$ cat work.csv   # CSV, C-alpha atoms
chain,number,residue,atom,x,y,z
I,173,MET,CA,1.5,-4.5,16.2
I,174,LEU,CA,-1.4,-5.4,13.9
I,175,ASP,CA,-1.6,-8.8,15.7
I,176,ASP,CA,-1.8,-7.0,19.1
I,177,LEU,CA,-4.6,-4.8,17.8
I,178,GLU,CA,-6.5,-7.8,16.5
I,179,ALA,CA,-6.1,-9.6,19.8
I,180,LEU,CA,-7.3,-6.6,21.7
I,181,TYR,CA,-10.3,-6.3,19.3
I,182,ARG,CA,-11.3,-9.9,19.7
I,183,ASP,CA,-10.7,-10.0,23.5
I,184,ARG,CA,-12.4,-6.7,24.4
I,185,LEU,CA,-15.0,-6.0,21.7
I,186,PRO,CA,-18.1,-6.7,23.9
I,187,GLU,CA,-16.8,-4.4,26.6
I,188,TYR,CA,-15.7,-1.6,24.3
I,189,THR,CA,-19.0,-1.8,22.4
I,190,ARG,CA,-21.0,-1.5,25.6
I,191,ALA,CA,-19.0,1.5,26.8
I,192,ALA,CA,-19.1,3.2,23.4
I,193,THR,CA,-22.9,2.6,23.2
I,194,ALA,CA,-23.3,4.3,26.6
I,195,ILE,CA,-21.2,7.3,25.6
I,196,VAL,CA,-22.8,7.7,22.1
I,197,GLY,CA,-26.3,7.0,23.3
I,198,ASP,CA,-27.5,4.3,20.9
I,199,ARG,CA,-26.4,0.8,20.0
I,200,GLU,CA,-25.9,1.1,16.3
I,201,SER,CA,-23.7,4.2,16.7
I,202,GLY,CA,-21.9,2.6,19.6
I,203,ARG,CA,-21.0,-0.4,17.4
I,204,ASP,CA,-20.0,1.9,14.5
I,205,ALA,CA,-17.8,4.0,16.9
I,206,VAL,CA,-15.8,1.0,18.0
I,207,GLN,CA,-15.3,-0.1,14.3
I,208,ASP,CA,-14.3,3.4,13.3
I,209,ALA,CA,-11.9,3.6,16.3
I,210,PHE,CA,-10.1,0.4,15.4
I,211,VAL,CA,-9.8,1.5,11.7
I,212,LYS,CA,-8.1,4.6,13.0
I,213,ALA,CA,-5.9,2.6,15.4
I,214,VAL,CA,-4.8,0.3,12.6
I,215,ARG,CA,-4.0,3.3,10.3
I,216,LYS,CA,-2.1,5.1,13.0
I,217,ARG,CA,-0.5,2.2,14.7
I,218,ARG,CA,3.0,3.4,13.9
I,219,ARG,CA,2.3,6.4,16.0
I,220,PHE,CA,1.7,4.3,19.1
I,221,ARG,CA,4.5,4.8,21.7
I,222,SER,CA,5.3,1.6,23.6
I,223,ASP,CA,6.0,3.5,26.8
I,224,GLY,CA,2.3,3.1,27.7
I,225,PRO,CA,-0.2,0.2,27.4
I,226,LEU,CA,-1.8,-0.4,24.0
I,227,GLU,CA,-5.2,-0.7,25.5
I,228,ALA,CA,-5.1,2.8,27.0
I,229,TRP,CA,-4.1,4.2,23.6
I,230,VAL,CA,-6.8,2.3,21.7
I,231,LEU,CA,-9.4,3.2,24.4
I,232,ARG,CA,-8.6,6.9,24.0
I,233,ILE,CA,-9.3,6.6,20.3
I,234,VAL,CA,-12.6,4.7,21.1
I,235,VAL,CA,-13.7,7.4,23.6
I,236,ASN,CA,-12.8,10.3,21.2
I,237,THR,CA,-14.6,8.6,18.3
I,238,ALA,CA,-17.7,7.9,20.5
I,239,ARG,CA,-17.7,11.5,21.7
I,240,ASP,CA,-17.5,12.8,18.1
I,241,ALA,CA,-20.3,10.4,17.1
I,242,ARG,CA,-22.5,11.7,20.0
I,243,ARG,CA,-21.9,15.3,19.1
I,244,SER,CA,-22.6,14.8,15.4
I,245,GLY,CA,-25.6,12.7,16.3
I,246,SER,CA,-26.9,15.5,18.5
I,247,ARG,CA,-26.5,18.0,15.8
I,248,ARG,CA,-28.3,15.8,13.3
I,249,ALA,CA,-31.1,15.1,15.8
I,250,GLU,CA,-31.8,18.8,16.5
I,251,THR,CA,-35.2,19.9,15.6
I,252,PRO,CA,-35.8,23.4,14.2
I,253,GLY,CA,-36.6,24.5,17.7
I,254,GLY,CA,-33.2,23.4,18.9
I,255,VAL,CA,-34.3,20.5,21.0
I,256,ALA,CA,-32.2,17.3,20.4
I,257,ALA,CA,-34.0,14.0,20.1
I,258,ARG,CA,-33.0,11.7,22.9
I,259,GLY,CA,-31.0,8.5,22.2
I,260,GLU,CA,-31.9,4.9,23.2
I,261,VAL,CA,-29.7,5.1,26.3
I,262,ALA,CA,-31.4,8.3,27.6
I,263,VAL,CA,-34.8,6.8,27.1
I,264,ARG,CA,-33.8,3.5,28.8
I,265,ALA,CA,-32.3,5.5,31.7
I,266,GLU,CA,-35.6,7.3,32.2
I,267,GLU,CA,-37.5,4.0,32.1
I,268,LEU,CA,-35.2,2.6,34.8
I,269,GLY,CA,-35.4,5.8,36.9
I,270,LEU,CA,-31.6,6.3,36.5
I,271,PRO,CA,-30.9,10.1,36.5
I,272,LEU,CA,-27.8,10.1,34.3
I,273,GLU,CA,-28.6,13.8,33.4
I,274,LEU,CA,-27.4,14.7,36.9
I,275,LEU,CA,-23.9,13.6,36.0
I,276,THR,CA,-21.3,15.7,34.2
I,277,GLU,CA,-19.8,14.4,30.9
I,278,ARG,CA,-16.6,13.3,32.7
I,279,GLN,CA,-18.6,11.5,35.4
I,280,ARG,CA,-20.6,9.6,32.8
I,281,GLU,CA,-17.5,8.6,30.9
I,282,VAL,CA,-15.6,7.4,33.9
I,283,LEU,CA,-18.6,5.5,35.2
I,284,PHE,CA,-19.2,3.9,31.8
I,285,LEU,CA,-15.6,2.9,31.2
I,286,HIS,CA,-15.3,1.5,34.7
I,287,TYR,CA,-18.6,-0.4,34.7
I,288,TYR,CA,-19.0,-1.5,31.0
I,289,ALA,CA,-15.4,-1.7,29.9
I,290,ASP,CA,-14.3,-3.2,33.2
I,291,LEU,CA,-11.1,-1.2,33.3
I,292,GLU,CA,-8.8,-0.4,36.2
I,293,TYR,CA,-8.4,3.2,37.3
I,294,VAL,CA,-4.9,3.4,35.8
I,295,THR,CA,-6.2,2.5,32.3
I,296,ILE,CA,-9.1,4.9,32.5
I,297,ALA,CA,-6.8,7.6,33.7
I,298,GLN,CA,-4.4,7.1,30.7
I,299,ALA,CA,-7.3,6.9,28.3
I,300,LEU,CA,-8.9,10.1,29.5
I,301,ASP,CA,-5.7,11.9,30.2
I,302,ILE,CA,-6.5,12.5,33.9
I,303,SER,CA,-4.9,11.3,37.1
I,304,GLU,CA,-5.7,8.0,38.7
I,305,GLY,CA,-6.9,9.9,41.8
I,306,THR,CA,-9.2,12.0,39.7
I,307,VAL,CA,-10.7,8.8,38.3
I,308,GLY,CA,-11.4,7.5,41.8
I,309,ALA,CA,-12.9,10.8,43.0
I,310,THR,CA,-15.0,11.2,39.9
I,311,LEU,CA,-16.3,7.7,40.1
I,312,SER,CA,-17.2,8.1,43.8
I,313,ALA,CA,-18.9,11.4,43.1
I,314,ALA,CA,-20.9,9.9,40.2
I,315,ARG,CA,-22.1,6.9,42.2
I,316,LEU,CA,-23.0,9.1,45.2
I,317,THR,CA,-25.0,11.4,43.0
I,318,LEU,CA,-26.9,8.5,41.5
I,319,ARG,CA,-27.4,6.8,44.9
I,320,ASN,CA,-28.7,10.0,46.5
I,321,ALA,CA,-31.1,10.6,43.7
I,322,LEU,CA,-32.4,7.0,43.7
I,323,THR,CA,-32.8,7.1,47.5
I,324,LYS,CA,-34.9,10.3,47.2
I,325,GLU,CA,-37.0,8.7,44.5
I,326,VAL,CA,-37.6,5.6,46.6
I,327,SER,CA,-38.5,7.5,49.7
I,328,ARG,CA,-41.2,9.5,47.9
P,267,MET,CA,-29.5,5.0,51.1
P,268,THR,CA,-29.8,2.9,47.9
P,269,ASP,CA,-26.9,0.4,47.9
P,270,ASP,CA,-24.3,-0.2,45.2
P,271,ALA,CA,-25.7,-3.5,44.2
P,272,TYR,CA,-29.0,-1.8,43.2
P,273,LEU,CA,-27.2,0.8,41.2
P,274,ASP,CA,-25.0,-1.8,39.5
P,275,GLY,CA,-28.2,-3.7,38.6
P,276,LEU,CA,-29.6,-0.6,36.9
P,277,LEU,CA,-26.4,0.1,35.0
P,278,ASP,CA,-26.4,-3.5,33.9
P,279,GLU,CA,-29.9,-3.1,32.4
P,280,LEU,CA,-29.1,0.3,30.9
P,281,VAL,CA,-26.9,-0.9,28.1
P,282,VAL,CA,-27.5,-4.2,26.5
P,283,THR,CA,-25.8,-4.6,23.1
P,284,GLU,CA,-24.5,-7.3,20.9
P,285,PRO,CA,-21.1,-6.6,19.5
P,286,ARG,CA,-20.6,-7.1,15.7
P,287,GLU,CA,-17.2,-8.7,15.3
P,288,ALA,CA,-15.7,-7.8,11.9
P,289,TRP,CA,-12.0,-7.5,12.1
P,290,CYS,CA,-11.6,-8.0,8.3
P,291,ASP,CA,-13.8,-5.0,7.8
P,292,VAL,CA,-11.5,-2.9,10.1
P,293,VAL,CA,-8.4,-3.9,8.2
P,294,ALA,CA,-10.0,-3.4,4.8
P,295,ARG,CA,-11.3,0.0,5.7
P,296,ALA,CA,-7.9,1.0,7.1
P,297,ARG,CA,-6.3,0.1,3.8
P,298,ARG,CA,-8.9,1.9,1.7
P,299,SER,CA,-8.3,5.0,3.8
P,300,ARG,CA,-4.6,4.8,3.2
P,301,ARG,CA,-5.1,4.6,-0.6
P,302,ARG,CA,-7.4,7.6,-0.5
P,303,TYR,CA,-4.8,9.6,1.4
P,304,VAL,CA,-2.1,8.7,-1.1
P,305,THR,CA,-4.3,10.2,-3.8
P,306,VAL,CA,-4.8,13.3,-1.7
P,307,VAL,CA,-1.1,13.6,-1.2
P,308,ALA,CA,-0.4,13.2,-4.9
P,309,ALA,CA,-2.8,16.1,-5.6
P,310,ILE,CA,-1.2,18.2,-2.9
P,311,ALA,CA,2.3,17.5,-4.3
P,312,THR,CA,1.1,18.6,-7.7
P,313,LEU,CA,0.0,21.9,-6.2
P,314,VAL,CA,3.2,22.4,-4.2
P,315,VAL,CA,5.8,21.2,-6.7
P,316,ALA,CA,4.2,22.8,-9.8
P,317,PRO,CA,2.2,25.7,-8.4
P,318,SER,CA,0.0,27.6,-10.8
P,319,ALA,CA,-0.2,31.3,-10.9
P,320,TRP,CA,-3.3,31.0,-8.8
P,321,ALA,CA,-1.6,28.9,-6.1
P,322,ILE,CA,1.3,31.3,-5.9
P,323,HIS,CA,-1.0,34.2,-5.5
P,324,HIS,CA,-2.9,32.4,-2.7
P,325,LEU,CA,0.0,30.8,-0.9
P,326,TRP,CA,0.2,31.5,2.8
P,327,SER,CA,2.7,34.1,3.9
P,328,THR,CA,4.0,35.2,7.2
P,329,SER,CA,2.2,38.5,6.9
P,330,GLN,CA,-1.1,36.7,6.4
P,331,ALA,CA,-0.4,34.6,9.5
P,332,ALA,CA,0.3,37.7,11.5
P,333,ALA,CA,-2.8,39.3,10.1
P,334,SER,CA,-4.9,36.6,11.7
P,335,GLY,CA,-3.2,36.7,15.1
P,336,ILE,CA,-1.6,33.3,14.3
P,337,THR,CA,2.1,32.8,13.9
P,338,LEU,CA,3.8,29.8,12.4
P,339,SER,CA,7.4,29.1,12.9
P,340,ALA,CA,9.8,26.1,12.7
P,341,PRO,CA,8.4,23.1,14.7
P,342,GLU,CA,10.0,22.1,18.0
P,343,THR,CA,9.4,18.4,17.4
P,344,PRO,CA,10.3,16.2,14.3
P,345,THR,CA,7.9,16.4,11.4
P,346,PRO,CA,5.5,13.4,11.5
P,347,SER,CA,5.3,11.0,8.6
P,348,THR,CA,3.6,11.5,5.2
P,349,GLY,CA,0.7,9.4,6.5
P,350,ASP,CA,0.1,11.8,9.3
P,351,ALA,CA,0.1,14.7,6.9
P,352,ASN,CA,-2.5,12.9,4.9
P,353,ALA,CA,-4.7,12.5,8.0
P,354,ALA,CA,-4.3,16.2,8.9
P,355,VAL,CA,-5.3,17.3,5.4
P,356,ASN,CA,-8.2,14.9,5.5
P,357,ALA,CA,-9.3,16.4,8.9
P,358,ALA,CA,-9.1,19.9,7.4
P,359,THR,CA,-11.0,19.1,4.2
P,360,SER,CA,-13.7,17.3,6.3
P,361,TRP,CA,-14.4,20.7,7.9
P,362,TYR,CA,-14.4,22.5,4.6
P,363,PRO,CA,-15.3,19.9,2.0
P,364,ASP,CA,-15.8,22.4,-0.8
P,365,HIS,CA,-12.4,24.1,-0.5
P,366,ALA,CA,-9.4,22.9,-2.4
P,367,VAL,CA,-6.2,22.3,-0.5
P,368,VAL,CA,-3.5,24.8,-1.4
P,369,SER,CA,-0.7,23.5,0.8
P,370,HIS,CA,0.2,22.2,4.2
P,371,GLN,CA,3.1,22.4,6.6
P,372,PHE,CA,4.1,21.1,10.0
P,373,ALA,CA,4.9,24.2,12.2
P,374,HIS,CA,5.0,25.6,15.6
P,375,CYS,CA,1.6,27.3,15.9
P,376,ILE,CA,0.9,30.2,18.2
P,377,ASP,CA,-2.5,31.9,18.4
P,378,VAL,CA,-2.5,34.8,20.8
P,379,GLN,CA,-6.3,35.2,20.4
P,380,SER,CA,-7.4,31.7,21.4
P,381,VAL,CA,-8.3,30.8,24.9
P,382,PRO,CA,-6.5,28.9,26.2
P,383,ARG,CA,-3.6,30.3,24.1
P,384,LEU,CA,-2.5,27.9,21.4
P,385,ASN,CA,1.2,27.3,21.6
P,386,GLU,CA,2.2,23.9,20.2
P,387,ASP,CA,3.4,22.1,17.1
P,388,CYS,CA,0.5,21.4,14.7
P,389,TRP,CA,-0.4,20.9,11.1
P,390,ALA,CA,-1.2,24.1,9.2
P,391,VAL,CA,-3.4,23.3,6.2
P,392,PHE,CA,-4.1,26.1,3.8
P,393,LEU,CA,-7.3,25.9,1.8
P,394,ASP,CA,-8.7,28.0,-1.0
P,395,PRO,CA,-10.9,30.5,0.8
P,396,GLY,CA,-13.5,30.6,-2.0
P,397,ASN,CA,-16.2,33.0,-0.9
P,398,GLU,CA,-15.4,32.9,2.8
P,399,MET,CA,-15.5,36.2,4.5
P,400,GLY,CA,-12.9,37.2,7.1
P,401,ASN,CA,-11.5,40.0,9.1
P,402,GLY,CA,-8.8,42.3,7.8
P,403,PRO,CA,-5.4,42.5,9.5
P,404,PHE,CA,-5.7,41.6,13.1
P,405,GLY,CA,-6.0,44.7,15.4
P,406,PRO,CA,-8.3,47.6,16.3
P,407,GLY,CA,-10.6,48.6,13.5
P,408,SER,CA,-10.4,45.3,11.7
P,409,THR,CA,-13.3,44.9,9.2
P,410,SER,CA,-15.0,42.0,7.5
P,411,GLN,CA,-14.0,41.5,3.8
P,412,ARG,CA,-13.5,38.8,1.2
P,413,ALA,CA,-11.0,36.3,2.7
P,414,THR,CA,-7.7,35.9,0.9
P,415,TYR,CA,-6.7,32.9,3.0
P,416,LEU,CA,-8.3,30.0,4.9
P,417,LEU,CA,-6.1,28.2,7.4
P,418,VAL,CA,-7.0,25.1,9.4
P,419,LEU,CA,-4.8,24.0,12.3
P,420,VAL,CA,-4.8,20.3,13.1
P,421,ASP,CA,-3.6,18.5,16.2
P,422,PRO,CA,-0.9,16.0,15.1
P,423,SER,CA,-1.6,13.5,17.8
P,424,THR,CA,-5.3,13.3,17.4
P,425,ASP,CA,-5.9,14.5,13.9
P,426,LYS,CA,-8.6,16.8,15.2
P,427,VAL,CA,-9.1,20.3,14.0
P,428,ILE,CA,-7.9,22.7,16.7
P,429,GLU,CA,-9.2,25.8,15.0
P,430,ALA,CA,-9.8,27.4,11.6
P,431,ALA,CA,-9.2,31.0,10.6
P,432,SER,CA,-10.0,33.0,7.5
P,433,GLY,CA,-9.2,36.5,6.8
P,434,SER,CA,-7.6,39.1,4.6
P,435,SER,CA,-4.2,40.5,4.8
P,436,ARG,CA,-5.0,43.4,2.5
$ encode --input "work.csv" --output "structure tokens"
Amino acid sequence: MLDDLEALYRDRLPEYTRAATAIVGDRESGRDAVQDAFVKAVRKRRRFRSDGPLEAWVLRIVVNTARDARRSGSRRAETPGGVAARGEVAVRAEELGLPLELLTERQREVLFLHYYADLEYVTIAQALDISEGTVGATLSAARLTLRNALTKEVSR
Amino acid sequence: MTDDAYLDGLLDELVVTEPREAWCDVVARARRSRRRYVTVVAAIATLVVAPSAWAIHHLWSTSQAAASGITLSAPETPTPSTGDANAAVNAATSWYPDHAVVSHQFAHCIDVQSVPRLNEDCWAVFLDPGNEMGNGPFGPGSTSQRATYLLVLVDPSTDKVIEAASGSSR
């Protein structure tokens, strides 16, 4: 089991790091989230049930750890006025004219996992505990929202 | 309409990061965590096996559970391992770092006040309430007073805190 986790880590680290960075909002926290997630996976490996793929189980831990990091980062970054400082990804999105703020949290996560972690719908569905059909619909809605917003921006 | 290739190009530029491969660090940290949990469990065992007068006074009771609107009963699934108990205790103490652990148990947890209603097996970790304030017995006219218990419920599958409750059964 430890060997399997190590193989997954070595094979998929770049993709997981990219997806976690997108979810957390900055590179350093994204890298830390993946490391922390694998520490948890190693520690809890006996809890893994072999009736599902290992990658989905690990990915769920990565996503949960990245979410927690984003939330705790947002709390730390809050100014006395209650406005949170924006992360690198949000700043970069604005530079690129990519309106990620139009997407829901789930839409962003599905989009990031599909695009950056290069995962099939079934793995994303297992990792996020939603149906495969919901993954497809969510991804389509997210891309449509972004394409529409970009089209409006271009036509101005 | 903007095409998918354009959108993919933007996404490609959005996140550029270099992974930092350190598998040895992952394994080392996982082992350090386990040693720390063993220490925590030893401390808890000391409290449970040889409870002081203070601990006896503060131990959770069914009446206290009912007072908070939470009921704990025999779990419906097998009790997880000691390592899992350590993780649950760790999750609880990370929420309340200045509160000593009194005891913990794996139980079927029902909270009639939570939305959605909690009705599942979970870890119930009892902490010293210290100066926490809480409501008196659950029900109409309940008033805030010095807490006599502090309970943290932890999800056994994710080790995340589901909810925490403090209150007084007096």
$ residues_around --input "work.csv" --residues "region 316-318 of chain I" --least-positions-apart "2" --cutoff "12 Å" --atoms "only C-alpha atoms" --output "MDAnalysis selection string"
(chainID I and resid 265 269:276 279:280 283 309:314 320:325) or (chainID P and resid 267:270 272:274 276:277)
$ closest_residue --input "work.csv" --among "P:Thr359, P:Ser423, P:Ser434, P:Thr414" --to "chain I" --atoms "all atoms listed in the file"
P:Ser423
$ atom_distance --input "work.csv" --atom1 "CA of Pro346 (chain P)" --atom2 "CA of Cys388 (chain P)"
10.0 Å
$ interface_residues --input "work.csv" --of "chain I" --to "chain P" --cutoff "7 Å" --atoms "only C-alpha atoms" --output "PDB file with C-alpha atoms, in the frame of the given file"
ATOM      1  CA  LEU I 185     -15.000  -6.000  21.700  1.00  0.00           C
ATOM      2  CA  PRO I 186     -18.100  -6.700  23.900  1.00  0.00           C
ATOM      3  CA  THR I 189     -19.000  -1.800  22.400  1.00  0.00           C
ATOM      4  CA  ARG I 190     -21.000  -1.500  25.600  1.00  0.00           C
ATOM      5  CA  ALA I 194     -23.300   4.300  26.600  1.00  0.00           C
ATOM      6  CA  ARG I 199     -26.400   0.800  20.000  1.00  0.00           C
ATOM      7  CA  ARG I 203     -21.000  -0.400  17.400  1.00  0.00           C
ATOM      8  CA  GLN I 207     -15.300  -0.100  14.300  1.00  0.00           C
ATOM      9  CA  PHE I 210     -10.100   0.400  15.400  1.00  0.00           C
ATOM     10  CA  VAL I 211      -9.800   1.500  11.700  1.00  0.00           C
ATOM     11  CA  LYS I 212      -8.100   4.600  13.000  1.00  0.00           C
ATOM     12  CA  VAL I 214      -4.800   0.300  12.600  1.00  0.00           C
ATOM     13  CA  ARG I 215      -4.000   3.300  10.300  1.00  0.00           C
ATOM     14  CA  VAL I 261     -29.700   5.100  26.300  1.00  0.00           C
ATOM     15  CA  ARG I 264     -33.800   3.500  28.800  1.00  0.00           C
ATOM     16  CA  ALA I 265     -32.300   5.500  31.700  1.00  0.00           C
ATOM     17  CA  LEU I 268     -35.200   2.600  34.800  1.00  0.00           C
ATOM     18  CA  ARG I 319     -27.400   6.800  44.900  1.00  0.00           C
ATOM     19  CA  ASN I 320     -28.700  10.000  46.500  1.00  0.00           C
ATOM     20  CA  LEU I 322     -32.400   7.000  43.700  1.00  0.00           C
ATOM     21  CA  THR I 323     -32.800   7.100  47.500  1.00  0.00           C
TER      22      THR I 323
END
$ atom_distance --input "work.csv" --atom1 "CA of Ala192 (chain I)" --atom2 "CA of Glu227 (chain I)"
14.6 Å
$ residues_around --input "work.csv" --residues "Gly308 (chain I)" --least-positions-apart "5" --cutoff "12 Å" --atoms "all atoms listed in the file" --output "ChimeraX atom specification"
/I:278-279,282-283,286,292-297,302-303,313-315
$ closest_residue --input "work.csv" --among "I:Gln298, I:Leu231, I:Tyr188, I:Thr306" --to "Gly202 (chain I)" --atoms "all atoms listed in the file"
I:Tyr188
$ atom_distance --input "work.csv" --atom1 "CA of Ala351 (chain P)" --atom2 "CA of Ile195 (chain I)"
29.3 Å
$ residues_near_point --input "work.csv" --point "(-3.5, 5.2, 17.8)" --cutoff "12 Å" --atoms "only C-alpha atoms" --output "count of residues only"
38
$ residues_around --input "work.csv" --residues "region 363-368 of chain P" --least-positions-apart "3" --cutoff "6 Å" --atoms "all atoms listed in the file" --output "list in words"
Thr359, Ser360, Phe392, Leu393 and Asp394 of chain P
$ build_atoms --input "work.csv" --residues "region 191-205 of chain I" --atoms "N, CA and C atoms" --output "CSV table (one decimal), keeping the file's coordinate frame"
chain,number,residue,atom,x,y,z
I,191,ALA,N,-19.4,0.2,26.3
I,191,ALA,CA,-19.0,1.5,26.8
I,191,ALA,C,-19.2,2.6,25.8
I,192,ALA,N,-18.9,2.2,24.5
I,192,ALA,CA,-19.1,3.2,23.4
I,192,ALA,C,-20.6,3.5,23.2
I,193,THR,N,-21.4,2.5,23.4
I,193,THR,CA,-22.9,2.6,23.2
I,193,THR,C,-23.4,3.6,24.3
I,194,ALA,N,-22.9,3.4,25.5
I,194,ALA,CA,-23.3,4.3,26.6
I,194,ALA,C,-22.9,5.7,26.4
I,195,ILE,N,-21.7,5.9,25.8
I,195,ILE,CA,-21.2,7.3,25.6
I,195,ILE,C,-22.0,7.9,24.4
I,196,VAL,N,-22.1,7.2,23.3
I,196,VAL,CA,-22.8,7.7,22.1
I,196,VAL,C,-24.3,7.9,22.4
I,197,GLY,N,-24.9,6.9,23.0
I,197,GLY,CA,-26.3,7.0,23.3
I,197,GLY,C,-27.2,6.0,22.6
I,198,ASP,N,-26.7,5.3,21.6
I,198,ASP,CA,-27.5,4.3,20.9
I,198,ASP,C,-26.6,3.2,20.4
I,199,ARG,N,-27.2,2.0,20.3
I,199,ARG,CA,-26.4,0.8,20.0
I,199,ARG,C,-25.7,0.8,18.7
I,200,GLU,N,-26.5,1.2,17.6
I,200,GLU,CA,-25.9,1.1,16.3
I,200,GLU,C,-24.7,2.1,16.2
I,201,SER,N,-24.9,3.3,16.7
I,201,SER,CA,-23.7,4.2,16.7
I,201,SER,C,-22.6,3.8,17.6
I,202,GLY,N,-22.9,3.1,18.7
I,202,GLY,CA,-21.9,2.6,19.6
I,202,GLY,C,-21.0,1.5,18.8
I,203,ARG,N,-21.7,0.6,18.1
I,203,ARG,CA,-21.0,-0.4,17.4
I,203,ARG,C,-20.1,0.3,16.3
I,204,ASP,N,-20.7,1.2,15.6
I,204,ASP,CA,-20.0,1.9,14.5
I,204,ASP,C,-18.7,2.7,15.1
I,205,ALA,N,-18.9,3.3,16.3
I,205,ALA,CA,-17.8,4.0,16.9
I,205,ALA,C,-16.6,3.1,17.2
